[in-house]
Amino acid sequence: MVYKPVEASDRSELRDLQSDQLQKTVQHAYENVPYYRDQFDEMGITPEDIQTVDDISELPFTTKEDFRDEYPDGLFAVDDEDVLRIHASSGTTGKPKIVSYTDNDLDIWSEVVARSLAASGAEAGDTVQNAYGYGLFTGGLGLHYGTEELDATVIPIGSGQTQRQVELMIDLESDVFTCTPSYALYLAETAEEMGHDPADLPISTIIFGAEPCTDPMREEIEEKLGVNGVDIYGLSEIIGPGVSCECHEAQDGLHIWEDHFYPEIIDPQTGDPVDEGDEGELVLTTLTREALPVLRYRTGDLTTLYYDECECGRTMVRMDNVTGRTDDLLIVRGVNLYPSEIEHTILDIDGVAPHYRIDLYEEDNLDVMELTVETEQSLTKSKQSLEGEVLERLENVLQFTPDDLQLVNHGEIGRTEVGKVQRVHDHRD
Ligand code: DLL
């Protein structure tokens, strides 16, 4: 069931609404953000040139470098006294991206998260245990206020304290658990170590996001914990979690809340739009943000958009789940591959556990890749034969062989209790 009627609106009406909102956003950005005004002037365009969403490609892109260059608040479009909240997204290098919200922005954020929760099957009266980190990261507070907006009960436990998560979940009979996909697996392991069958835990839905999750990983989560796994997507620069979410009815792509965020897919090399149905980089424009209007943000996330009807009745476009980023691409001895392709290729081999790491080194000017994979606790075949299977699968599917493959026992690869899992460790200069 939709949370707001607009989720199932007629697409031509939606387009008119988007065009109106785009005009307002462009005007707002031009008038209040010197960075955008300079860009427009340099490109010889004015806000009046943008009449409908079809004109959007006239606008400049915004990149994560622009956020860094304008650190901390150069992209803010309102006075300090109108900013009610600040969050930040910490990159691996350099300054964080600082993002801000007015009162109205916070209301919209709660609403899009509530829509996402409702799409996942959560209802008013449910108990939602929120294991996303609270603080500058948008996951904790984003899911928190969205849960309250839905009129559900939120348990604001935040990340970590995994044994306590299990105990509370049982004692308070949580219906929904929100966390990263890697943490969902860790929760299952911890419950097992505590003597519980993870499938008997009371939760029926896990809303996972903030990290990529391939299909075999999702199946593992759903099977181990006996839940429906629903993917939620978002990024701080645009709002936080709640840009899009899967519906539990179809679980076939994430509905983008298009009355607030306008999506495009471009070729990451040329910046040109791709044909409908082709994969490329997701570009998002905020349509209603006040404190931080963002035009054509290059997310770096690779996906595809589907405009056909969804069985849930929502008409809002669906994006494929994001399993790769433009900056994730590994080029190892001339072979281009994404970590998610490796994950996808090996995880459904019987005996391989969903825990792996990739280490990249440079030796004599050549890239060297070491792949470390955990075996299932109940491994019934020899490690040698499993190794052969993994290598054969990688060669057959990806035409790729790692320089070194290590099969290690259950639990040998460190788990991430707080924050996002890091599977690729690049030791090259
Ligand atoms: O990760 C917001 C969030 C919190 C989303 C909780 C979902 C749940 P950032 O820290 O700014 O914000 O990171 C944004 O994380 O560009 C993607 O690369 C990745 N990401 C977010 N959600 C997904 C997802 C939050 N469902 C960056 N699948 C994004 C794959 C995701 N990657």
# chains A, B, ... in the order shown; residues from 1 in each chain; ligands from 1
>>> residues_near_ligand(ligand="ligand 1", cutoff="9 Å", atoms="only C-alpha atoms and all ligand atoms", output="PDB file with N, CA and C atoms, in the first residue's frame")
ATOM      1  N   ALA A  88      27.175  14.951   7.914  1.00  0.00           N
ATOM      2  CA  ALA A  88      28.391  14.943   7.098  1.00  0.00           C
ATOM      3  C   ALA A  88      28.661  13.539   6.609  1.00  0.00           C
ATOM      4  N   SER A  89      29.246  13.488   5.439  1.00  0.00           N
ATOM      5  CA  SER A  89      29.588  12.187   4.886  1.00  0.00           C
ATOM      6  C   SER A  89      31.101  12.116   4.831  1.00  0.00           C
ATOM      7  N   SER A  90      31.648  11.153   5.546  1.00  0.00           N
ATOM      8  CA  SER A  90      33.109  11.094   5.592  1.00  0.00           C
ATOM      9  C   SER A  90      33.612  10.243   4.451  1.00  0.00           C
ATOM     10  N   GLY A  91      34.419  10.832   3.612  1.00  0.00           N
ATOM     11  CA  GLY A  91      35.034  10.057   2.541  1.00  0.00           C
ATOM     12  C   GLY A  91      36.266   9.367   3.116  1.00  0.00           C
ATOM     13  N   LYS A  97      31.969  15.807   3.343  1.00  0.00           N
ATOM     14  CA  LYS A  97      30.984  16.653   2.665  1.00  0.00           C
ATOM     15  C   LYS A  97      29.965  17.054   3.721  1.00  0.00           C
ATOM     16  N   TYR A 132      21.388   1.511  12.334  1.00  0.00           N
ATOM     17  CA  TYR A 132      22.296   2.405  11.601  1.00  0.00           C
ATOM     18  C   TYR A 132      22.913   3.359  12.606  1.00  0.00           C
ATOM     19  N   GLY A 133      24.142   3.780  12.326  1.00  0.00           N
ATOM     20  CA  GLY A 133      24.857   4.658  13.248  1.00  0.00           C
ATOM     21  C   GLY A 133      24.168   6.008  13.384  1.00  0.00           C
ATOM     22  N   PHE A 137      26.586  10.603  10.429  1.00  0.00           N
ATOM     23  CA  PHE A 137      26.081   9.705   9.385  1.00  0.00           C
ATOM     24  C   PHE A 137      24.557   9.857   9.321  1.00  0.00           C
ATOM     25  N   THR A 138      24.015   9.878   8.098  1.00  0.00           N
ATOM     26  CA  THR A 138      22.583  10.132   7.948  1.00  0.00           C
ATOM     27  C   THR A 138      21.707   8.911   8.242  1.00  0.00           C
ATOM     28  N   GLY A 139      22.322   7.725   8.327  1.00  0.00           N
ATOM     29  CA  GLY A 139      21.528   6.496   8.472  1.00  0.00           C
ATOM     30  C   GLY A 139      20.678   6.475   9.731  1.00  0.00           C
ATOM     31  N   GLY A 140      21.301   6.751  10.884  1.00  0.00           N
ATOM     32  CA  GLY A 140      20.604   6.629  12.168  1.00  0.00           C
ATOM     33  C   GLY A 140      19.414   7.571  12.272  1.00  0.00           C
ATOM     34  N   GLY A 142      18.073   9.477  10.042  1.00  0.00           N
ATOM     35  CA  GLY A 142      17.176   9.390   8.888  1.00  0.00           C
ATOM     36  C   GLY A 142      16.111   8.314   9.108  1.00  0.00           C
ATOM     37  N   LEU A 143      16.546   7.110   9.454  1.00  0.00           N
ATOM     38  CA  LEU A 143      15.593   6.015   9.683  1.00  0.00           C
ATOM     39  C   LEU A 143      14.761   6.279  10.935  1.00  0.00           C
ATOM     40  N   THR A 178      16.866  -2.466  10.818  1.00  0.00           N
ATOM     41  CA  THR A 178      17.471  -1.653   9.761  1.00  0.00           C
ATOM     42  C   THR A 178      18.975  -1.615   9.992  1.00  0.00           C
ATOM     43  N   CYS A 179      19.751  -1.971   8.975  1.00  0.00           N
ATOM     44  CA  CYS A 179      21.209  -2.059   9.135  1.00  0.00           C
ATOM     45  C   CYS A 179      21.861  -2.223   7.764  1.00  0.00           C
ATOM     46  N   THR A 180      23.186  -2.246   7.746  1.00  0.00           N
ATOM     47  CA  THR A 180      23.884  -2.530   6.489  1.00  0.00           C
ATOM     48  C   THR A 180      23.773  -4.036   6.198  1.00  0.00           C
ATOM     49  N   PRO A 181      23.898  -4.438   4.939  1.00  0.00           N
ATOM     50  CA  PRO A 181      23.788  -5.878   4.643  1.00  0.00           C
ATOM     51  C   PRO A 181      24.870  -6.700   5.338  1.00  0.00           C
ATOM     52  N   ILE A 207      15.691  -3.974   6.516  1.00  0.00           N
ATOM     53  CA  ILE A 207      15.825  -2.916   5.508  1.00  0.00           C
ATOM     54  C   ILE A 207      17.301  -2.574   5.460  1.00  0.00           C
ATOM     55  N   PHE A 208      17.967  -3.063   4.409  1.00  0.00           N
ATOM     56  CA  PHE A 208      19.422  -2.884   4.367  1.00  0.00           C
ATOM     57  C   PHE A 208      19.818  -1.878   3.304  1.00  0.00           C
ATOM     58  N   GLY A 209      20.905  -1.174   3.573  1.00  0.00           N
ATOM     59  CA  GLY A 209      21.386  -0.186   2.619  1.00  0.00           C
ATOM     60  C   GLY A 209      22.715   0.369   3.074  1.00  0.00           C
ATOM     61  N   ALA A 210      23.128   1.443   2.426  1.00  0.00           N
ATOM     62  CA  ALA A 210      24.386   2.146   2.696  1.00  0.00           C
ATOM     63  C   ALA A 210      25.603   1.433   2.107  1.00  0.00           C
ATOM     64  N   GLU A 211      25.420   0.179   1.696  1.00  0.00           N
ATOM     65  CA  GLU A 211      26.497  -0.614   1.091  1.00  0.00           C
ATOM     66  C   GLU A 211      25.898  -1.434  -0.043  1.00  0.00           C
ATOM     67  N   PRO A 212      26.720  -1.815  -1.009  1.00  0.00           N
ATOM     68  CA  PRO A 212      26.191  -2.695  -2.059  1.00  0.00           C
ATOM     69  C   PRO A 212      25.842  -4.072  -1.501  1.00  0.00           C
ATOM     70  N   CYS A 213      24.868  -4.688  -2.126  1.00  0.00           N
ATOM     71  CA  CYS A 213      24.482  -6.045  -1.729  1.00  0.00           C
ATOM     72  C   CYS A 213      24.094  -6.802  -2.992  1.00  0.00           C
ATOM     73  N   THR A 214      24.885  -7.797  -3.344  1.00  0.00           N
ATOM     74  CA  THR A 214      24.554  -8.571  -4.553  1.00  0.00           C
ATOM     75  C   THR A 214      23.437  -9.567  -4.234  1.00  0.00           C
ATOM     76  N   VAL A 230      14.892  -5.992   2.195  1.00  0.00           N
ATOM     77  CA  VAL A 230      14.470  -4.895   1.324  1.00  0.00           C
ATOM     78  C   VAL A 230      15.591  -3.858   1.252  1.00  0.00           C
ATOM     79  N   ASP A 231      15.906  -3.463   0.037  1.00  0.00           N
ATOM     80  CA  ASP A 231      17.055  -2.576  -0.202  1.00  0.00           C
ATOM     81  C   ASP A 231      16.610  -1.116  -0.161  1.00  0.00           C
ATOM     82  N   ILE A 232      17.299  -0.312   0.648  1.00  0.00           N
ATOM     83  CA  ILE A 232      17.023   1.132   0.696  1.00  0.00           C
ATOM     84  C   ILE A 232      18.294   1.860   0.262  1.00  0.00           C
ATOM     85  N   TYR A 233      18.126   2.914  -0.529  1.00  0.00           N
ATOM     86  CA  TYR A 233      19.280   3.622  -1.074  1.00  0.00           C
ATOM     87  C   TYR A 233      19.182   5.107  -0.742  1.00  0.00           C
ATOM     88  N   GLY A 234      20.314   5.720  -0.638  1.00  0.00           N
ATOM     89  CA  GLY A 234      20.338   7.173  -0.469  1.00  0.00           C
ATOM     90  C   GLY A 234      21.756   7.642  -0.275  1.00  0.00           C
ATOM     91  N   LEU A 235      21.928   8.943  -0.290  1.00  0.00           N
ATOM     92  CA  LEU A 235      23.261   9.513  -0.077  1.00  0.00           C
ATOM     93  C   LEU A 235      23.116  10.880   0.568  1.00  0.00           C
ATOM     94  N   SER A 236      24.100  11.204   1.401  1.00  0.00           N
ATOM     95  CA  SER A 236      24.034  12.427   2.194  1.00  0.00           C
ATOM     96  C   SER A 236      23.829  13.651   1.319  1.00  0.00           C
ATOM     97  N   GLU A 237      24.553  13.730   0.205  1.00  0.00           N
ATOM     98  CA  GLU A 237      24.525  14.940  -0.621  1.00  0.00           C
ATOM     99  C   GLU A 237      23.115  15.261  -1.098  1.00  0.00           C
ATOM    100  N   ILE A 238      22.274  14.237  -1.254  1.00  0.00           N
ATOM    101  CA  ILE A 238      20.924  14.461  -1.773  1.00  0.00           C
ATOM    102  C   ILE A 238      19.918  14.606  -0.630  1.00  0.00           C
ATOM    103  N   ILE A 239      19.995  13.743   0.371  1.00  0.00           N
ATOM    104  CA  ILE A 239      19.167  13.883   1.584  1.00  0.00           C
ATOM    105  C   ILE A 239      19.636  12.919   2.666  1.00  0.00           C
ATOM    106  N   GLY A 240      20.065  11.713   2.262  1.00  0.00           N
ATOM    107  CA  GLY A 240      20.388  10.629   3.199  1.00  0.00           C
ATOM    108  C   GLY A 240      19.616   9.401   2.737  1.00  0.00           C
ATOM    109  N   PRO A 241      19.364   8.425   3.625  1.00  0.00           N
ATOM    110  CA  PRO A 241      18.570   7.262   3.190  1.00  0.00           C
ATOM    111  C   PRO A 241      17.166   7.729   2.807  1.00  0.00           C
ATOM    112  N   GLY A 242      16.546   7.010   1.842  1.00  0.00           N
ATOM    113  CA  GLY A 242      15.173   7.370   1.487  1.00  0.00           C
ATOM    114  C   GLY A 242      15.064   8.063   0.141  1.00  0.00           C
ATOM    115  N   VAL A 243      16.134   8.034  -0.642  1.00  0.00           N
ATOM    116  CA  VAL A 243      16.012   8.525  -2.024  1.00  0.00           C
ATOM    117  C   VAL A 243      15.177   7.498  -2.807  1.00  0.00           C
ATOM    118  N   SER A 244      15.410   6.223  -2.493  1.00  0.00           N
ATOM    119  CA  SER A 244      14.638   5.166  -3.150  1.00  0.00           C
ATOM    120  C   SER A 244      14.611   3.938  -2.261  1.00  0.00           C
ATOM    121  N   CYS A 245      13.641   3.086  -2.517  1.00  0.00           N
ATOM    122  CA  CYS A 245      13.521   1.849  -1.731  1.00  0.00           C
ATOM    123  C   CYS A 245      12.733   0.823  -2.522  1.00  0.00           C
ATOM    124  N   LEU A 254      14.364  -0.431  -6.958  1.00  0.00           N
ATOM    125  CA  LEU A 254      14.037   0.512  -5.892  1.00  0.00           C
ATOM    126  C   LEU A 254      13.279   1.705  -6.472  1.00  0.00           C
ATOM    127  N   THR A 299      26.456  10.805  -8.758  1.00  0.00           N
ATOM    128  CA  THR A 299      26.549   9.965  -7.559  1.00  0.00           C
ATOM    129  C   THR A 299      27.720   8.990  -7.607  1.00  0.00           C
ATOM    130  N   GLY A 300      28.170   8.655  -8.823  1.00  0.00           N
ATOM    131  CA  GLY A 300      29.202   7.619  -8.954  1.00  0.00           C
ATOM    132  C   GLY A 300      28.608   6.215  -8.879  1.00  0.00           C
ATOM    133  N   ASP A 301      27.320   6.106  -8.593  1.00  0.00           N
ATOM    134  CA  ASP A 301      26.691   4.787  -8.460  1.00  0.00           C
ATOM    135  C   ASP A 301      26.173   4.304  -9.806  1.00  0.00           C
ATOM    136  N   LEU A 302      26.453   3.047 -10.109  1.00  0.00           N
ATOM    137  CA  LEU A 302      26.054   2.483 -11.409  1.00  0.00           C
ATOM    138  C   LEU A 302      24.733   1.747 -11.274  1.00  0.00           C
ATOM    139  N   ASN A 321      19.331  -2.434  -8.136  1.00  0.00           N
ATOM    140  CA  ASN A 321      20.131  -2.247  -6.929  1.00  0.00           C
ATOM    141  C   ASN A 321      21.583  -1.945  -7.340  1.00  0.00           C
ATOM    142  N   VAL A 322      22.199  -1.071  -6.563  1.00  0.00           N
ATOM    143  CA  VAL A 322      23.540  -0.578  -6.921  1.00  0.00           C
ATOM    144  C   VAL A 322      24.576  -1.564  -6.413  1.00  0.00           C
ATOM    145  N   THR A 323      25.308  -2.161  -7.352  1.00  0.00           N
ATOM    146  CA  THR A 323      26.343  -3.078  -6.873  1.00  0.00           C
ATOM    147  C   THR A 323      27.727  -2.578  -7.250  1.00  0.00           C
ATOM    148  N   GLY A 324      27.787  -1.443  -7.932  1.00  0.00           N
ATOM    149  CA  GLY A 324      29.115  -0.938  -8.288  1.00  0.00           C
ATOM    150  C   GLY A 324      29.130   0.576  -8.354  1.00  0.00           C
ATOM    151  N   ARG A 325      30.311   1.124  -8.193  1.00  0.00           N
ATOM    152  CA  ARG A 325      30.491   2.572  -8.317  1.00  0.00           C
ATOM    153  C   ARG A 325      31.541   2.816  -9.395  1.00  0.00           C
ATOM    154  N   LYS A 420      30.569   1.221   7.543  1.00  0.00           N
ATOM    155  CA  LYS A 420      30.428   0.460   6.305  1.00  0.00           C
ATOM    156  C   LYS A 420      31.581  -0.525   6.154  1.00  0.00           C
TER     157      LYS A 420
END
>>> atom_distance(atom1="CA of Glu249 (chain A)", atom2="CA of Ala118 (chain A)")
11.0 Å
>>> closest_residue(among="A:Ser100, A:Thr286, A:Thr326, A:Thr63", to="Gln21 (chain A)", atoms="only C-alpha atoms")
A:Thr286
>>> residues_around(residues="region 71-73 of chain A", least_positions_apart="3", cutoff="9 Å", atoms="only C-alpha atoms", output="list in words")
Asp66, Phe67, Arg68, Phe76, Ala77, Lys95, Pro96, Lys97, Ile98, Val99 and Ser100 of chain A
>>> closest_atom_pairs(of="region 255-367 of chain A", to="region 378-396 of chain A", cutoff="7 Å", atoms="only C-alpha atoms", output="Markdown table")
| residue | atom | partner | partner_atom | distance |
| --- | --- | --- | --- | --- |
| A:Thr345 | CA | A:Leu394 | CA | 6.6 |
| A:Ile346 | CA | A:Val390 | CA | 6.3 |
| A:Gly351 | CA | A:Leu379 | CA | 5.5 |
>>> closest_residue(among="A:Asp252, A:Glu279, A:Glu193, A:Glu13", to="Ser120 (chain A)", atoms="only C-alpha atoms")
A:Asp252
